[in-house]
file work-v4.tsv (TSV, C-alpha atoms)
chain	number	residue	atom	x	y	z
A	191	MET	CA	-43.65	30.98	21.44
A	192	PRO	CA	-43.63	28.40	24.26
A	193	LYS	CA	-40.88	28.63	26.83
A	194	ALA	CA	-39.41	25.84	28.96
A	195	ARG	CA	-36.39	24.84	30.92
A	196	LEU	CA	-34.43	23.10	28.16
A	197	ASP	CA	-32.77	20.38	30.16
A	198	GLN	CA	-32.03	16.87	28.91
A	199	ILE	CA	-35.26	15.41	30.32
A	200	PHE	CA	-37.42	18.01	28.59
A	201	VAL	CA	-35.55	17.64	25.31
A	202	ASN	CA	-35.96	13.86	25.34
A	203	THR	CA	-39.74	14.06	25.90
A	204	ALA	CA	-40.66	17.20	23.94
A	205	SER	CA	-42.61	16.84	20.71
A	206	CYS	CA	-44.19	18.94	17.98
A	207	GLN	CA	-47.62	20.32	18.84
A	208	ILE	CA	-50.49	18.50	17.13
A	209	GLY	CA	-51.50	20.05	13.81
A	210	ARG	CA	-48.25	21.95	13.31
A	211	LYS	CA	-45.23	21.17	11.14
A	212	LYS	CA	-42.83	22.29	13.86
A	213	THR	CA	-42.78	23.77	17.33
A	214	ASP	CA	-40.02	25.98	18.75
A	215	TYR	CA	-39.31	25.86	22.49
A	216	TYR	CA	-37.26	28.77	23.87
A	217	ASP	CA	-35.15	28.31	26.97
A	218	ASP	CA	-36.52	30.32	29.88
A	219	THR	CA	-33.08	31.38	31.15
A	220	GLN	CA	-30.57	31.30	28.28
A	221	ILE	CA	-31.43	33.99	25.72
A	222	GLY	CA	-31.47	32.62	22.16
A	223	LEU	CA	-31.30	28.91	23.03
A	224	VAL	CA	-34.07	27.15	21.04
A	225	LEU	CA	-35.25	23.58	20.60
A	226	GLU	CA	-37.00	22.90	17.29
A	227	CYS	CA	-39.30	19.85	17.26
A	228	ARG	CA	-40.65	18.77	13.88
A	229	CYS	CA	-43.74	16.73	13.12
A	230	THR	CA	-41.48	14.11	11.55
A	231	GLY	CA	-39.92	13.48	14.96
A	232	GLY	CA	-36.63	15.25	14.33
A	233	LYS	CA	-35.27	17.67	16.94
A	234	THR	CA	-32.52	20.29	16.48
A	235	ILE	CA	-30.98	22.82	18.88
A	236	TYR	CA	-30.34	26.36	17.61
A	237	PHE	CA	-29.02	29.66	18.87
A	238	ARG	CA	-31.10	32.57	17.55
A	239	TYR	CA	-29.99	36.18	17.67
A	240	VAL	CA	-30.46	39.57	16.04
A	241	ASP	CA	-27.68	40.55	13.65
A	242	ASN	CA	-26.16	43.85	14.83
A	243	LYS	CA	-25.60	45.12	11.29
A	244	SER	CA	-28.90	44.26	9.59
A	245	SER	CA	-31.14	44.03	12.69
A	246	ARG	CA	-32.50	40.81	11.24
A	247	GLN	CA	-33.02	37.63	13.20
A	248	ARG	CA	-30.59	34.87	12.34
A	249	GLN	CA	-29.91	31.41	13.71
A	250	HIS	CA	-26.85	29.26	14.23
A	251	LYS	CA	-27.32	25.49	14.24
A	252	ILE	CA	-25.76	23.88	17.30
A	253	GLY	CA	-26.71	20.32	16.45
A	254	ARG	CA	-29.28	17.55	16.48
A	255	VAL	CA	-30.33	16.31	19.91
A	256	GLU	CA	-28.86	12.87	19.22
A	257	ASP	CA	-25.48	14.46	18.42
A	258	VAL	CA	-25.07	17.02	21.22
A	259	SER	CA	-26.15	17.03	24.87
A	260	MET	CA	-27.98	19.96	26.34
A	261	VAL	CA	-25.11	20.65	28.74
A	262	VAL	CA	-22.77	21.15	25.80
A	263	ALA	CA	-25.42	23.01	23.78
A	264	ARG	CA	-26.00	25.47	26.63
A	265	LYS	CA	-22.28	26.25	26.86
A	266	ILE	CA	-22.11	26.84	23.11
A	267	ALA	CA	-25.14	29.13	23.26
A	268	GLN	CA	-23.55	31.13	26.11
A	269	LYS	CA	-20.39	31.60	24.06
A	270	LEU	CA	-22.35	32.68	20.98
A	271	ARG	CA	-24.46	35.09	23.04
A	272	ALA	CA	-21.31	36.72	24.40
A	273	GLU	CA	-20.05	37.13	20.84
A	274	VAL	CA	-23.28	38.87	19.80
A	275	VAL	CA	-23.20	41.21	22.83
A	276	MET	CA	-19.65	42.21	21.87
A	277	GLY	CA	-20.89	43.19	18.39
A	278	GLY	CA	-19.90	40.01	16.57
A	279	ASP	CA	-21.84	37.84	14.16
A	280	PRO	CA	-21.63	34.06	14.75
A	281	GLY	CA	-22.94	33.43	11.26
A	282	ALA	CA	-20.20	35.43	9.54
A	283	ALA	CA	-17.51	32.81	10.02
A	284	LYS	CA	-19.89	30.08	8.92
A	285	ALA	CA	-20.87	32.06	5.81
A	286	LEU	CA	-17.21	32.68	5.04
A	287	ALA	CA	-16.46	28.97	5.36
A	288	LYS	CA	-19.33	28.13	2.99
A	289	ALA	CA	-17.88	30.61	0.48
A	290	ILE	CA	-14.80	28.39	0.18
A	291	PRO	CA	-15.52	25.95	-2.67
A	292	LEU	CA	-15.13	22.20	-2.46
A	293	TYR	CA	-12.30	20.71	-4.49
A	294	ARG	CA	-14.78	19.13	-6.91
A	295	GLU	CA	-15.91	22.65	-7.85
A	296	LEU	CA	-12.34	23.77	-8.46
A	297	SER	CA	-11.59	20.58	-10.42
A	298	ALA	CA	-14.56	21.28	-12.71
A	299	MET	CA	-13.06	24.68	-13.55
A	300	HIS	CA	-9.62	23.06	-14.01
A	301	LEU	CA	-10.99	20.47	-16.44
A	302	ALA	CA	-12.97	23.07	-18.37
A	303	ASP	CA	-9.73	25.01	-18.88
A	304	ALA	CA	-7.78	21.84	-19.77
A	305	LYS	CA	-10.37	20.91	-22.39
A	306	LEU	CA	-9.74	24.22	-24.15
A	307	HIS	CA	-5.94	24.32	-23.95
A	308	GLN	CA	-4.55	20.85	-23.24
A	309	ARG	CA	-3.90	18.18	-25.87
A	310	SER	CA	-3.81	15.43	-23.24
A	311	TYR	CA	-7.18	16.41	-21.72
A	312	SER	CA	-8.39	12.81	-21.45
A	313	THR	CA	-5.33	11.88	-19.38
A	314	THR	CA	-5.87	14.77	-16.98
A	315	GLU	CA	-9.59	14.04	-16.71
A	316	GLY	CA	-8.86	10.37	-15.94
A	317	TYR	CA	-6.41	11.18	-13.16
A	318	VAL	CA	-8.83	13.69	-11.60
A	319	ARG	CA	-11.82	11.35	-11.82
A	320	ASN	CA	-10.11	8.13	-10.72
A	321	HIS	CA	-7.62	9.36	-8.14
A	322	ILE	CA	-8.19	12.91	-6.90
A	323	ILE	CA	-11.96	13.37	-6.71
A	324	PRO	CA	-12.59	10.19	-4.65
A	325	ARG	CA	-10.33	11.55	-1.89
A	326	TRP	CA	-10.68	15.33	-2.06
A	327	GLY	CA	-13.88	16.05	-4.00
A	328	LYS	CA	-16.02	16.84	-0.93
A	329	VAL	CA	-13.28	18.69	0.99
A	330	ARG	CA	-13.14	22.49	1.14
A	331	LEU	CA	-9.95	23.96	-0.27
A	332	THR	CA	-8.83	25.47	3.03
A	333	ASP	CA	-9.13	22.06	4.71
A	334	ILE	CA	-6.56	20.47	2.37
A	335	ASP	CA	-3.06	20.70	3.86
A	336	SER	CA	0.39	19.51	2.82
A	337	ARG	CA	0.64	16.89	5.56
A	338	ALA	CA	-2.58	15.17	4.51
A	339	VAL	CA	-1.65	15.36	0.83
A	340	GLY	CA	1.77	13.87	1.54
A	341	GLN	CA	0.21	10.97	3.43
A	342	TRP	CA	-2.32	10.41	0.65
A	343	LEU	CA	0.41	10.25	-2.01
A	344	ALA	CA	2.42	7.87	0.17
A	345	ASP	CA	-0.65	5.65	0.41
A	346	LYS	CA	-0.95	5.74	-3.38
A	347	ARG	CA	2.61	4.46	-3.69
A	348	ALA	CA	1.83	1.76	-1.13
A	349	GLU	CA	-1.11	0.66	-3.28
A	350	GLY	CA	1.38	-0.22	-5.99
A	351	LEU	CA	1.14	2.81	-8.27
A	352	ALA	CA	4.36	3.63	-10.10
A	353	PRO	CA	6.33	6.61	-8.71
A	354	ALA	CA	5.86	8.43	-12.01
A	355	THR	CA	2.09	7.92	-11.80
A	356	VAL	CA	1.97	9.27	-8.25
A	357	GLU	CA	4.02	12.28	-9.33
A	358	LYS	CA	1.61	12.88	-12.21
A	359	ILE	CA	-1.28	12.87	-9.73
A	360	ARG	CA	0.57	15.40	-7.55
A	361	VAL	CA	1.29	17.68	-10.50
A	362	ILE	CA	-2.33	17.66	-11.72
A	363	PHE	CA	-3.64	18.25	-8.18
A	364	GLY	CA	-1.23	21.16	-7.76
A	365	ARG	CA	-2.23	22.55	-11.14
A	366	SER	CA	-5.81	22.92	-9.86
A	367	PHE	CA	-4.60	25.20	-7.06
A	368	ALA	CA	-2.27	27.15	-9.35
A	369	LEU	CA	-5.20	27.90	-11.67
A	370	GLY	CA	-7.45	28.69	-8.70
A	371	ALA	CA	-4.94	31.22	-7.39
A	372	ARG	CA	-4.69	32.81	-10.85
A	373	TRP	CA	-8.49	33.08	-10.98
A	374	SER	CA	-8.65	34.44	-7.38
A	375	ILE	CA	-10.70	31.50	-6.13
A	376	ALA	CA	-11.15	31.72	-2.36
A	377	GLY	CA	-9.10	29.07	-0.57
A	378	ALA	CA	-6.76	28.36	-3.49
A	379	GLU	CA	-4.09	30.86	-2.43
A	380	LYS	CA	-1.97	28.20	-0.75
A	381	ASN	CA	-1.00	25.19	-2.87
A	382	PRO	CA	-0.90	22.12	-0.57
A	383	THR	CA	1.25	20.11	-3.00
A	384	ARG	CA	4.23	22.44	-2.70
A	385	GLY	CA	5.11	21.35	0.80
A	386	VAL	CA	5.15	17.66	-0.08
A	387	ILE	CA	8.60	16.07	0.04
A	388	ARG	CA	9.29	14.17	-3.19
A	389	LYS	CA	11.88	11.57	-3.99
A	390	PRO	CA	13.73	12.18	-7.27
A	391	LEU	CA	12.40	10.09	-10.14
A	392	ASN	CA	14.55	8.06	-12.44
A	393	ASN	CA	12.39	7.24	-15.43
A	394	ALA	CA	15.21	6.79	-17.91
A	395	ARG	CA	14.89	3.61	-19.93
A	396	GLU	CA	17.98	2.26	-21.66
A	397	ARG	CA	16.11	-0.19	-23.92
A	398	PHE	CA	16.78	-0.15	-27.65
A	399	LEU	CA	16.76	-2.91	-30.22
A	400	SER	CA	19.70	-4.46	-31.98
A	401	ALA	CA	19.35	-5.22	-35.70
A	402	GLU	CA	18.78	-8.91	-34.89
A	403	GLU	CA	16.08	-8.10	-32.31
A	404	ALA	CA	14.36	-5.72	-34.73
A	405	ALA	CA	14.29	-8.53	-37.32
A	406	ARG	CA	12.68	-10.90	-34.78
A	407	LEU	CA	10.09	-8.28	-33.93
A	408	ARG	CA	9.22	-7.74	-37.60
A	409	VAL	CA	8.63	-11.48	-38.04
A	410	ALA	CA	6.40	-11.57	-34.95
A	411	VAL	CA	4.23	-8.60	-35.94
A	412	ALA	CA	3.86	-9.97	-39.46
A	413	ALA	CA	2.11	-12.99	-37.91
A	414	SER	CA	-0.15	-10.84	-35.69
A	415	GLN	CA	-3.93	-11.07	-35.86
A	416	ASN	CA	-3.87	-7.30	-36.30
A	417	PRO	CA	-2.97	-6.92	-40.01
A	418	GLN	CA	-1.93	-3.30	-39.53
A	419	LEU	CA	0.54	-4.00	-36.71
A	420	GLN	CA	3.40	-4.96	-39.04
A	421	HIS	CA	2.98	-1.69	-40.95
A	422	ILE	CA	2.78	0.39	-37.77
A	423	VAL	CA	5.85	-1.20	-36.16
A	424	GLY	CA	7.80	-0.99	-39.40
A	425	LEU	CA	7.09	2.73	-39.83
A	426	LEU	CA	7.83	3.50	-36.19
A	427	LEU	CA	11.26	1.87	-36.51
A	428	LEU	CA	11.99	3.69	-39.77
A	429	THR	CA	10.73	7.18	-38.84
A	430	GLY	CA	11.22	7.47	-35.08
A	431	ALA	CA	7.71	8.93	-34.85
A	432	ARG	CA	5.63	8.79	-31.70
A	433	VAL	CA	2.99	6.08	-31.84
A	434	ARG	CA	0.07	8.51	-31.50
A	435	GLU	CA	1.46	10.61	-34.34
A	436	LEU	CA	1.40	7.58	-36.64
A	437	LEU	CA	-1.99	6.25	-35.53
A	438	ASP	CA	-3.52	9.68	-36.26
A	439	ALA	CA	-1.67	10.15	-39.58
A	440	ARG	CA	-3.73	11.00	-42.70
A	441	TRP	CA	-3.05	10.20	-46.33
A	442	GLU	CA	-3.33	13.88	-47.26
A	443	HIS	CA	-0.20	14.61	-45.21
A	444	VAL	CA	2.00	12.03	-46.95
A	445	ASP	CA	3.89	13.32	-50.00
A	446	VAL	CA	5.44	10.31	-51.72
A	447	GLU	CA	7.17	12.39	-54.40
A	448	ARG	CA	8.89	14.62	-51.86
A	449	LYS	CA	9.44	11.66	-49.52
A	450	SER	CA	7.92	13.61	-46.66
A	451	TRP	CA	5.22	13.13	-44.01
A	452	LEU	CA	3.68	16.20	-42.39
A	453	ILE	CA	2.66	15.97	-38.72
A	454	PRO	CA	0.39	19.03	-38.28
A	455	THR	CA	0.57	19.10	-34.48
A	456	SER	CA	3.38	17.35	-32.65
A	457	LYS	CA	4.13	17.07	-28.94
A	458	THR	CA	5.96	20.42	-29.10
A	459	GLY	CA	2.80	22.05	-30.43
A	460	LYS	CA	4.40	22.84	-33.78
A	461	PRO	CA	4.04	21.09	-37.16
A	462	ARG	CA	7.01	19.11	-38.45
A	463	HIS	CA	8.00	17.16	-41.53
A	464	VAL	CA	9.32	13.62	-41.17
A	465	PRO	CA	11.59	12.45	-44.00
A	466	LEU	CA	10.59	9.09	-45.48
A	467	SER	CA	13.29	6.59	-46.44
A	468	LYS	CA	12.90	4.21	-49.38
A	469	ALA	CA	12.10	1.42	-46.93
A	470	ALA	CA	9.38	3.54	-45.30
A	471	LEU	CA	7.92	4.40	-48.72
A	472	VAL	CA	7.77	0.69	-49.59
A	473	ILE	CA	5.62	0.09	-46.50
A	474	ILE	CA	3.41	3.09	-47.27
A	475	GLU	CA	2.85	1.99	-50.85
A	476	ALA	CA	1.84	-1.46	-49.60
A	477	LEU	CA	-0.70	-0.11	-47.10
A	478	PRO	CA	-4.33	-1.16	-47.72
A	479	ARG	CA	-6.61	1.64	-48.89
A	480	PHE	CA	-10.21	1.95	-47.77
A	481	ASN	CA	-12.94	3.94	-49.52
A	482	ASP	CA	-13.59	7.36	-47.97
A	483	CYS	CA	-11.10	6.67	-45.18
A	484	PRO	CA	-8.54	9.45	-44.63
A	485	TRP	CA	-6.38	7.57	-42.10
A	486	LEU	CA	-3.03	6.05	-43.03
A	487	VAL	CA	-3.18	2.95	-40.81
A	488	PRO	CA	-6.79	2.72	-39.55
A	489	ASN	CA	-8.41	-0.10	-37.67
A	490	PRO	CA	-9.89	-2.21	-40.53
A	491	ASP	CA	-13.00	-2.94	-38.46
A	492	THR	CA	-13.91	0.65	-37.61
A	493	LEU	CA	-12.00	2.61	-40.26
A	494	ARG	CA	-10.99	4.91	-37.42
A	495	PRO	CA	-7.58	5.37	-35.79
A	496	PHE	CA	-6.65	2.65	-33.29
A	497	VAL	CA	-7.26	3.70	-29.71
A	498	SER	CA	-4.38	1.41	-28.73
A	499	ILE	CA	-2.25	-1.35	-30.23
A	500	LYS	CA	-1.01	-2.48	-26.83
A	501	HIS	CA	-2.54	-5.97	-26.77
A	502	GLY	CA	-1.30	-6.98	-30.20
A	503	PHE	CA	2.14	-5.55	-29.45
A	504	GLN	CA	2.34	-7.43	-26.13
A	505	ARG	CA	1.62	-10.71	-27.88
A	506	ALA	CA	4.21	-9.93	-30.55
A	507	ILE	CA	7.05	-9.18	-28.11
A	508	LYS	CA	6.24	-12.42	-26.31
A	509	VAL	CA	6.60	-14.33	-29.57
A	510	ALA	CA	9.78	-12.41	-30.42
A	511	LYS	CA	11.15	-13.07	-26.91
A	512	LEU	CA	11.62	-9.37	-26.17
A	513	PRO	CA	10.12	-9.07	-22.65
A	514	GLY	CA	9.61	-5.57	-21.31
A	515	LEU	CA	9.91	-3.84	-24.70
A	516	ARG	CA	7.63	-0.80	-24.90
A	517	ILE	CA	6.14	0.68	-28.04
A	518	HIS	CA	7.96	3.92	-27.27
A	519	ASP	CA	11.25	1.98	-27.31
A	520	LEU	CA	10.84	1.74	-31.09
A	521	ARG	CA	11.46	5.50	-31.21
A	522	HIS	CA	14.61	5.03	-29.12
A	523	SER	CA	15.67	2.22	-31.45
A	524	ALA	CA	15.19	4.37	-34.54
A	525	ALA	CA	17.47	6.95	-32.95
A	526	SER	CA	20.11	4.34	-32.10
A	527	PHE	CA	20.14	2.95	-35.65
A	528	MET	CA	20.69	6.45	-37.07
A	529	ILE	CA	23.40	7.33	-34.55
A	530	ASN	CA	25.25	4.06	-35.12
A	531	SER	CA	25.19	4.85	-38.84
A	532	ASN	CA	27.27	7.98	-38.10
A	533	VAL	CA	24.33	10.40	-38.27
A	534	ASP	CA	25.11	13.34	-35.97
A	535	ILE	CA	23.06	14.08	-32.86
A	536	TYR	CA	21.69	17.36	-34.23
A	537	THR	CA	20.28	15.68	-37.34
A	538	VAL	CA	18.74	12.87	-35.30
A	539	GLY	CA	17.03	15.47	-33.14
A	540	LYS	CA	15.56	17.15	-36.23
A	541	VAL	CA	14.21	13.83	-37.50
A	542	LEU	CA	12.65	13.02	-34.13
A	543	GLY	CA	11.15	16.49	-33.78
A	544	HIS	CA	12.90	17.43	-30.55
A	545	ALA	CA	12.36	21.01	-29.42
A	546	SER	CA	15.87	21.29	-28.00
A	547	TYR	CA	19.33	19.83	-28.50
A	548	GLN	CA	19.33	18.67	-24.87
A	549	SER	CA	16.42	16.31	-25.57
A	550	THR	CA	18.47	14.44	-28.14
A	551	MET	CA	21.56	14.20	-25.94
A	552	ARG	CA	19.95	11.30	-24.05
A	553	TYR	CA	20.73	9.19	-27.14
A	554	SER	CA	24.40	10.10	-27.29
A	555	HIS	CA	25.36	6.97	-25.32
A	556	LEU	CA	23.73	4.77	-27.98
A	557	ALA	CA	26.57	5.24	-30.45
A	558	GLN	CA	28.30	2.12	-29.13
A	559	ASP	CA	29.13	0.75	-32.58
A	560	THR	CA	30.59	4.09	-33.65
A	561	LEU	CA	32.59	4.41	-30.43
A	562	LEU	CA	33.93	0.87	-30.78
A	563	ALA	CA	34.96	1.62	-34.36
A	564	ALA	CA	36.76	4.74	-33.10
A	565	VAL	CA	38.78	2.91	-30.42
A	566	GLU	CA	39.56	0.08	-32.84
A	567	ALA	CA	40.84	2.59	-35.37
A	568	GLY	CA	42.99	4.18	-32.67
A	569	ALA	CA	44.39	0.82	-31.59
A	570	ASN	CA	45.16	-0.16	-35.19
A	571	LYS	CA	46.98	3.11	-35.74
A	572	GLN	CA	49.12	2.53	-32.68
A	573	ALA	CA	49.96	-1.02	-33.80
A	574	ALA	CA	51.01	0.10	-37.28

call {"tool": "encode", "arguments": {"input": "work-v4.tsv", "output": "structure tokens"}}
result
Amino acid sequence: MPKARLDQIFVNTASCQIGRKKTDYYDDTQIGLVLECRCTGGKTIYFRYVDNKSSRQRQHKIGRVEDVSMVVARKIAQKLRAEVVMGGDPGAAKALAKAIPLYRELSAMHLADAKLHQRSYSTTEGYVRNHIIPRWGKVRLTDIDSRAVGQWLADKRAEGLAPATVEKIRVIFGRSFALGARWSIAGAEKNPTRGVIRKPLNNARERFLSAEEAARLRVAVAASQNPQLQHIVGLLLLTGARVRELLDARWEHVDVERKSWLIPTSKTGKPRHVPLSKAALVIIEALPRFNDCPWLVPNPDTLRPFVSIKHGFQRAIKVAKLPGLRIHDLRHSAASFMINSNVDIYTVGKVLGHASYQSTMRYSHLAQDTLLAAVEAGANKQAA
């Protein structure tokens, strides 16, 4: 156990003794201050002490010689020695810090839970992998604070992400901490997303098709390279179903005689029956059938449900001169056609599968034709 005056000159020239993997040099004045020289050439400064509770020797890494000067290292060792003399354990705080998991560990638990309980698992996994892990994966939970999270989300908006996308990222990130707190994960007690100031979102879209626009769209999709697109768009306009519900529809759930289509699991988590009009049944009866294929409108090339019909739809709306139209707007349009045919809001909500009356109230303003007919009738009565 060689001793030496561990000053900067000695540290710079010291080396591992020949034939050994490492050599420890103890300072001749500062108790516990040690220089470790390895045969590879690396040198590290430690403070070694005897733990008061276990009476075992432990060490606290001060730093590599290229990262910390001996003047600084000596001061750190003096402080640590004083802590030991007073009955403390310098390694306890370090051990406690290491017990706090990194966010990537918490996110793995979050995703495992989401895979069991969440229908939109792939969406959550994508947001975590593409947006959250790159920034916070290697950070310990207790080192993530609201100020840093707020700045990060602001940077995301500056990158051009839509406000709704940034809010989705915030919600998923916060969900990790909410689950961590429920599971008593160390460091997850405080949710850093709760202190972030958010601007109110206005995601309402007022787009719905007129009868003439719907006719143009039908002509455009009929000419699409995707032979199933005309059937998909037609059924979406006639049923008000969500696009994923239709793409995943099976023949076994369509009852032509009862004019009904069963959706086993809808967005609300409950099964629902969609009534099928004569026009919808005409489309269904014209659908191509494939051997041993259970899907209603499968991709003809894979005989599996389409992952997306976005590209074909984008080309069709360009041909139909309907810029900005979204596939989901077909659901809004189906609602508007029913409302403007004097179908009451409650019934429209049942057709669309809304869980609450309030969800359907967003379509109440679409009854423009009905409202115009009402004021015209009133005006005619006054003129009589």

call {"tool": "closest_atom_pairs", "arguments": {"input": "work-v4.tsv", "of": "segment 253-359 of chain A", "to": "segment 233-242 of chain A", "cutoff": "9 Å", "atoms": "only C-alpha atoms", "output": "tab-separated table"}}
result
residue	atom	partner	partner_atom	distance
A:Gly253	CA	A:Ile235	CA	5.5
A:Arg254	CA	A:Thr234	CA	4.2
A:Val255	CA	A:Thr234	CA	5.7
A:Glu256	CA	A:Lys233	CA	8.3
A:Val258	CA	A:Ile235	CA	8.6
A:Met260	CA	A:Ile235	CA	8.5
A:Ala263	CA	A:Ile235	CA	7.4
A:Ile266	CA	A:Phe237	CA	8.6
A:Ala267	CA	A:Phe237	CA	5.9
A:Leu270	CA	A:Phe237	CA	7.6
A:Arg271	CA	A:Tyr239	CA	7.8
A:Val274	CA	A:Tyr239	CA	7.5
A:Val275	CA	A:Asn242	CA	8.9
A:Gly277	CA	A:Asn242	CA	6.4
A:Gly278	CA	A:Asn242	CA	7.5
A:Asp279	CA	A:Asp241	CA	6.5
A:Pro280	CA	A:Asp241	CA	8.9
A:Gly281	CA	A:Asp241	CA	8.9

call {"tool": "atom_distance", "arguments": {"input": "work-v4.tsv", "atom1": "atom CA of Pro484 of chain A", "atom2": "atom CA of Ala413 of chain A"}}
result
25.7 Å

call {"tool": "residues_near_point", "arguments": {"input": "work-v4.tsv", "point": "(-13.6, 17.2, 2.2)", "cutoff": "12 Å", "atoms": "only C-alpha atoms", "output": "NGL selection string"}}
result
:A and (290-295 or 322-335 or 338)

call {"tool": "residues_near_point", "arguments": {"input": "work-v4.tsv", "point": "(14.4, -7.1, -27.1)", "cutoff": "9 Å", "atoms": "only C-alpha atoms", "output": "count of residues only"}}
result
15

call {"tool": "closest_residue", "arguments": {"input": "work-v4.tsv", "among": "A:Val464, A:Leu486, A:Ala525, A:Val433", "to": "Ile499 of chain A", "atoms": "all atoms listed in the file"}}
result
A:Val433

call {"tool": "residues_around", "arguments": {"input": "work-v4.tsv", "residues": "segment 347-357 of chain A", "least_positions_apart": "4", "cutoff": "12 Å", "atoms": "all atoms listed in the file", "output": "list in words"}}
result
Thr313, Thr314, Gly316, Tyr317, His321, Ile322, Val339, Gly340, Gln341, Trp342, Leu343, Val361, Ile362, Phe363, Gly364, Thr383, Val386, Ile387, Arg388, Lys389, Pro390, Leu391, Asn392, Asn393 and Ala394 of chain A

call {"tool": "residues_around", "arguments": {"input": "work-v4.tsv", "residues": "Gln420 of chain A", "least_positions_apart": "3", "cutoff": "9 Å", "atoms": "all atoms listed in the file", "output": "ChimeraX atom specification"}}
result
/A:408-414,416-417,423-425

call {"tool": "atom_distance", "arguments": {"input": "work-v4.tsv", "atom1": "atom CA of Arg365 of chain A", "atom2": "atom CA of His544 of chain A"}}
result
25.1 Å

call {"tool": "closest_residue", "arguments": {"input": "work-v4.tsv", "among": "A:Ser467, A:Ser312, A:Ser205, A:Gln268", "to": "Leu427 of chain A", "atoms": "all atoms listed in the file"}}
result
A:Ser467

call {"tool": "atom_distance", "arguments": {"input": "work-v4.tsv", "atom1": "atom CA of Ala344 of chain A", "atom2": "atom CA of Lys380 of chain A"}}
result
20.8 Å

call {"tool": "residues_around", "arguments": {"input": "work-v4.tsv", "residues": "Leu369 of chain A", "least_positions_apart": "3", "cutoff": "12 Å", "atoms": "only C-alpha atoms", "output": "list in words"}}
result
Leu296, Ser297, Ala298, Met299, His300, Leu301, Ala302, Asp303, Ala304, Ile362, Phe363, Gly364, Arg365, Ser366, Arg372, Trp373, Ser374, Ile375, Ala376, Gly377, Ala378, Glu379, Lys380 and Asn381 of chain A

call {"tool": "closest_atom_pairs", "arguments": {"input": "work-v4.tsv", "of": "segment 383-435 of chain A", "to": "segment 495-498 of chain A", "cutoff": "12 Å", "atoms": "all atoms listed in the file", "output": "CSV"}}
result
residue,atom,partner,partner_atom,distance
A:Asn416,CA,A:Phe496,CA,10.8
A:Gln418,CA,A:Phe496,CA,9.8
A:Leu419,CA,A:Phe496,CA,10.4
A:Ile422,CA,A:Phe496,CA,10.7
A:Val433,CA,A:Ser498,CA,9.3
A:Arg434,CA,A:Ser498,CA,8.8
A:Glu435,CA,A:Pro495,CA,10.5

call {"tool": "residues_around", "arguments": {"input": "work-v4.tsv", "residues": "Glu475 of chain A", "least_positions_apart": "6", "cutoff": "12 Å", "atoms": "all atoms listed in the file", "output": "count of residues only"}}
result
13
